[in-house]
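Comments concern the structure below.
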Amino acid sequence: MEDFSKTLNLTSDGEIPGEVRNAIYTMLESMKEVDFKWTSLNSLSINFKSYQYSPEYILDIIKKTGFKEMVKEKKSFWKRWLESMASDTDSTFGTRRLDCCSLNRQDLHHTGRRPKYHK
């Protein structure tokens with residue numbers, strides 16, 4: 001029967017007020033085979049059997065108590081792609097400014113060549 005267990009992790013925009021926490025507690029305690037725990041002041045984890053309840057039903061019950069779920073920003077394909085390119089560039093070159101002179105100086109120590117132009 002473990003295959004039918006599902007977990008729903010919910011996070012609020014801010015700290016959950018005491019009266020909302022109490023309302024959530026009483027609503028979930030009255031439901032059969034639903035276990036939950038508070039993971040922090042603004043989030044909780046709910047385990048339930050999928051053959052008894054749907055995630056949408058449990059989320060609807062939680063929202064009726066006054067719980068405001070944190071909205072995740074949806075990113076477009078291009079924004080995700082640009083962020084991945086930026087992280088790849090940072091991991092390759094670091095966060096310093098790219099400068100051809102400084103790049104040549106690093107190569108100079110490894111190859112033993114003299115610079116073409118002197119300052």
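For the structure tokens, the naming scheme is as follows: chains receive sequential letters (A, B, ...) according to their order of presentation, residues are indexed from 1 within each chain, and ligands are indexed from 1 in presentation order.
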
Q: List the neighbours of segment 41-47 of chain A out to 7 Å using only C-alpha atoms; skip same-chain residues closer than 5 positions along the sequence, and give me the result as a list in words.
A: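 Non-adjacent residues within range: Ser5, Lys6, Thr7, Leu8, Asn9, Leu10, Thr11, Ser12, Gly14, Glu15, Ile16, Val34, Asp35 and Phe36 of chain A.
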
Selection to disk with N, CA, C and O atoms, as a PDB file, in the first residue's frame:
ATOM      1  N   SER A   5       0.840   6.127  -1.376  1.00  0.00           N
ATOM      2  CA  SER A   5       1.144   7.291  -0.531  1.00  0.00           C
ATOM      3  C   SER A   5       1.682   8.434  -1.375  1.00  0.00           C
ATOM      4  O   SER A   5       2.510   8.220  -2.259  1.00  0.00           O
ATOM      5  N   LYS A   6       1.181   9.614  -1.103  1.00  0.00           N
ATOM      6  CA  LYS A   6       1.660  10.816  -1.782  1.00  0.00           C
ATOM      7  C   LYS A   6       2.013  11.848  -0.731  1.00  0.00           C
ATOM      8  O   LYS A   6       1.469  11.846   0.367  1.00  0.00           O
ATOM      9  N   THR A   7       2.923  12.736  -1.091  1.00  0.00           N
ATOM     10  CA  THR A   7       3.336  13.815  -0.198  1.00  0.00           C
ATOM     11  C   THR A   7       3.097  15.138  -0.887  1.00  0.00           C
ATOM     12  O   THR A   7       3.442  15.307  -2.055  1.00  0.00           O
ATOM     13  N   LEU A   8       2.527  16.055  -0.160  1.00  0.00           N
ATOM     14  CA  LEU A   8       2.262  17.402  -0.662  1.00  0.00           C
ATOM     15  C   LEU A   8       3.026  18.375   0.234  1.00  0.00           C
ATOM     16  O   LEU A   8       2.783  18.434   1.434  1.00  0.00           O
ATOM     17  N   ASN A   9       3.987  19.094  -0.348  1.00  0.00           N
ATOM     18  CA  ASN A   9       4.765  20.079   0.393  1.00  0.00           C
ATOM     19  C   ASN A   9       4.244  21.471   0.048  1.00  0.00           C
ATOM     20  O   ASN A   9       4.236  21.851  -1.122  1.00  0.00           O
ATOM     21  N   LEU A  10       3.828  22.207   1.063  1.00  0.00           N
ATOM     22  CA  LEU A  10       3.264  23.539   0.856  1.00  0.00           C
ATOM     23  C   LEU A  10       4.104  24.578   1.578  1.00  0.00           C
ATOM     24  O   LEU A  10       4.524  24.359   2.720  1.00  0.00           O
ATOM     25  N   THR A  11       4.318  25.703   0.919  1.00  0.00           N
ATOM     26  CA  THR A  11       5.063  26.811   1.502  1.00  0.00           C
ATOM     27  C   THR A  11       4.237  28.072   1.366  1.00  0.00           C
ATOM     28  O   THR A  11       3.684  28.348   0.302  1.00  0.00           O
ATOM     29  N   SER A  12       4.190  28.856   2.428  1.00  0.00           N
ATOM     30  CA  SER A  12       3.422  30.093   2.446  1.00  0.00           C
ATOM     31  C   SER A  12       4.308  31.277   2.080  1.00  0.00           C
ATOM     32  O   SER A  12       5.529  31.190   2.127  1.00  0.00           O
ATOM     33  N   GLY A  14       4.583  34.027   3.756  1.00  0.00           N
ATOM     34  CA  GLY A  14       5.228  34.494   4.977  1.00  0.00           C
ATOM     35  C   GLY A  14       4.928  33.521   6.101  1.00  0.00           C
ATOM     36  O   GLY A  14       4.491  32.394   5.874  1.00  0.00           O
ATOM     37  N   GLU A  15       5.164  33.956   7.323  1.00  0.00           N
ATOM     38  CA  GLU A  15       4.881  33.104   8.468  1.00  0.00           C
ATOM     39  C   GLU A  15       3.371  32.874   8.588  1.00  0.00           C
ATOM     40  O   GLU A  15       2.578  33.795   8.426  1.00  0.00           O
ATOM     41  N   ILE A  16       2.996  31.639   8.855  1.00  0.00           N
ATOM     42  CA  ILE A  16       1.581  31.281   8.954  1.00  0.00           C
ATOM     43  C   ILE A  16       1.065  31.739  10.317  1.00  0.00           C
ATOM     44  O   ILE A  16       1.633  31.376  11.345  1.00  0.00           O
ATOM     45  N   VAL A  34      -4.323  10.716   7.082  1.00  0.00           N
ATOM     46  CA  VAL A  34      -3.581  11.894   6.628  1.00  0.00           C
ATOM     47  C   VAL A  34      -2.629  12.278   7.749  1.00  0.00           C
ATOM     48  O   VAL A  34      -3.039  12.539   8.867  1.00  0.00           O
ATOM     49  N   ASP A  35      -1.338  12.260   7.436  1.00  0.00           N
ATOM     50  CA  ASP A  35      -0.308  12.658   8.396  1.00  0.00           C
ATOM     51  C   ASP A  35       0.327  13.946   7.893  1.00  0.00           C
ATOM     52  O   ASP A  35       0.532  14.119   6.688  1.00  0.00           O
ATOM     53  N   PHE A  36       0.662  14.825   8.822  1.00  0.00           N
ATOM     54  CA  PHE A  36       1.304  16.075   8.420  1.00  0.00           C
ATOM     55  C   PHE A  36       2.282  16.502   9.505  1.00  0.00           C
ATOM     56  O   PHE A  36       2.194  16.068  10.651  1.00  0.00           O
TER      57      PHE A  36
END

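Within 6 Å of segment 59-76 of chain A there are Thr11, Ser12, Asp13, Val20, Ala23, Glu56, Tyr57, Trp78 and Lys79 of chain A, counting only C-alpha atoms and ignoring same-chain residues fewer than 2 positions away.
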
Selection from above, N, CA and C atoms, as a PDB file, in the first residue's frame, can you write it?
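out_9.pdb written:
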ATOM      1  N   THR A  11       4.318  25.703   0.919  1.00  0.00           N
ATOM      2  CA  THR A  11       5.063  26.811   1.502  1.00  0.00           C
ATOM      3  C   THR A  11       4.237  28.072   1.366  1.00  0.00           C
ATOM      4  N   SER A  12       4.190  28.856   2.428  1.00  0.00           N
ATOM      5  CA  SER A  12       3.422  30.093   2.446  1.00  0.00           C
ATOM      6  C   SER A  12       4.308  31.277   2.080  1.00  0.00           C
ATOM      7  N   ASP A  13       3.653  32.405   1.706  1.00  0.00           N
ATOM      8  CA  ASP A  13       4.393  33.629   1.394  1.00  0.00           C
ATOM      9  C   ASP A  13       5.168  34.141   2.598  1.00  0.00           C
ATOM     10  N   VAL A  20      -4.561  30.362  11.664  1.00  0.00           N
ATOM     11  CA  VAL A  20      -4.565  29.563  10.431  1.00  0.00           C
ATOM     12  C   VAL A  20      -3.923  28.198  10.706  1.00  0.00           C
ATOM     13  N   ALA A  23      -6.459  26.115  12.482  1.00  0.00           N
ATOM     14  CA  ALA A  23      -7.507  25.672  11.559  1.00  0.00           C
ATOM     15  C   ALA A  23      -7.008  24.526  10.681  1.00  0.00           C
ATOM     16  N   GLU A  56      -5.486  18.032  -5.152  1.00  0.00           N
ATOM     17  CA  GLU A  56      -6.296  19.231  -5.347  1.00  0.00           C
ATOM     18  C   GLU A  56      -7.318  19.402  -4.223  1.00  0.00           C
ATOM     19  N   TYR A  57      -7.905  18.291  -3.773  1.00  0.00           N
ATOM     20  CA  TYR A  57      -8.883  18.337  -2.686  1.00  0.00           C
ATOM     21  C   TYR A  57      -8.232  18.809  -1.390  1.00  0.00           C
ATOM     22  N   TRP A  78      13.747  31.014 -22.803  1.00  0.00           N
ATOM     23  CA  TRP A  78      14.900  31.872 -23.066  1.00  0.00           C
ATOM     24  C   TRP A  78      15.542  32.367 -21.773  1.00  0.00           C
ATOM     25  N   LYS A  79      14.725  32.671 -20.766  1.00  0.00           N
ATOM     26  CA  LYS A  79      15.267  33.128 -19.490  1.00  0.00           C
ATOM     27  C   LYS A  79      16.050  31.999 -18.807  1.00  0.00           C
TER      28      LYS A  79
END

note - atom CA of Tyr51 of chain A and atom CA of Thr26 of chain A are separated by 21.9 Å

Would you compute the distance between atom CA of Pro17 of chain A and atom CA of Lys32 of chain A? Give it in Å to one decimal.
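These two atoms are separated by 24.9 Å.
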
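Minimum atom-to-atom distance to Trp38 of chain A, evaluated using only C-alpha atoms, belongs to A:Asn22 out of A:Thr92, A:Ser54, A:Ser87, A:Asn22.
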
>> Can you measure atom CA of Asp3 of chain A to atom CA of Ser30 of chain A for me? One decimal in Å is fine.
In response: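 Separation between atom CA of Asp3 of chain A and atom CA of Ser30 of chain A: 23.2 Å.
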
*From a DSSP calculation on the backbone, collect every residue of chain A in helix (DSSP H, G or I) and output the set as JSON, numbers by chain.*
{"A": [2, 3, 4, 18, 19, 20, 21, 22, 23, 24, 25, 26, 27, 28, 29, 55, 56, 57, 58, 59, 60, 61, 62, 63, 64, 77, 78, 79, 80, 81, 82, 83, 84, 85, 86, 87, 88, 89, 90, 91, 92, 93, 100, 101, 102, 103, 104, 105, 106, 107, 108, 109, 110, 111]}

Could you pull out the strand (DSSP E or B) residues of segment 38-91 of chain A, going by DSSP on the backbone, and write them as a JSON list (two decimals) with N, CA and C atoms, in the first residue's frame?
[["chain", "number", "residue", "atom", "x", "y", "z"],
["A", 38, "TRP", "N", 4.81, 20.15, 10.48],
["A", 38, "TRP", "CA", 5.26, 21.50, 10.16],
["A", 38, "TRP", "C", 6.77, 21.43, 9.94],
["A", 39, "THR", "N", 7.23, 21.81, 8.77],
["A", 39, "THR", "CA", 8.66, 21.76, 8.48],
["A", 39, "THR", "C", 9.35, 23.07, 8.87],
["A", 40, "SER", "N", 8.60, 24.16, 8.92],
["A", 40, "SER", "CA", 9.13, 25.45, 9.40],
["A", 40, "SER", "C", 7.93, 26.32, 9.75],
["A", 43, "SER", "N", 5.93, 26.54, 6.32],
["A", 43, "SER", "CA", 5.70, 25.41, 5.41],
["A", 43, "SER", "C", 5.29, 24.16, 6.19],
["A", 44, "LEU", "N", 4.61, 23.26, 5.47],
["A", 44, "LEU", "CA", 4.21, 21.99, 6.05],
["A", 44, "LEU", "C", 4.24, 20.91, 4.99],
["A", 45, "SER", "N", 4.35, 19.68, 5.45],
["A", 45, "SER", "CA", 4.38, 18.51, 4.58],
["A", 45, "SER", "C", 3.21, 17.61, 4.94],
["A", 46, "ILE", "N", 2.44, 17.18, 3.95],
["A", 46, "ILE", "CA", 1.24, 16.38, 4.18],
["A", 46, "ILE", "C", 1.39, 15.06, 3.44],
["A", 47, "ASN", "N", 1.27, 13.94, 4.16],
["A", 47, "ASN", "CA", 1.28, 12.60, 3.57],
["A", 47, "ASN", "C", -0.14, 12.07, 3.59],
["A", 48, "PHE", "N", -0.58, 11.51, 2.46],
["A", 48, "PHE", "CA", -1.95, 11.01, 2.37],
["A", 48, "PHE", "C", -2.01, 9.86, 1.37],
["A", 49, "LYS", "N", -3.09, 9.13, 1.41],
["A", 49, "LYS", "CA", -3.32, 8.02, 0.49],
["A", 49, "LYS", "C", -4.03, 8.55, -0.76],
["A", 69, "GLU", "N", -0.63, 30.22, -0.42],
["A", 69, "GLU", "CA", 0.53, 29.50, -0.95],
["A", 69, "GLU", "C", 1.46, 30.44, -1.69]]
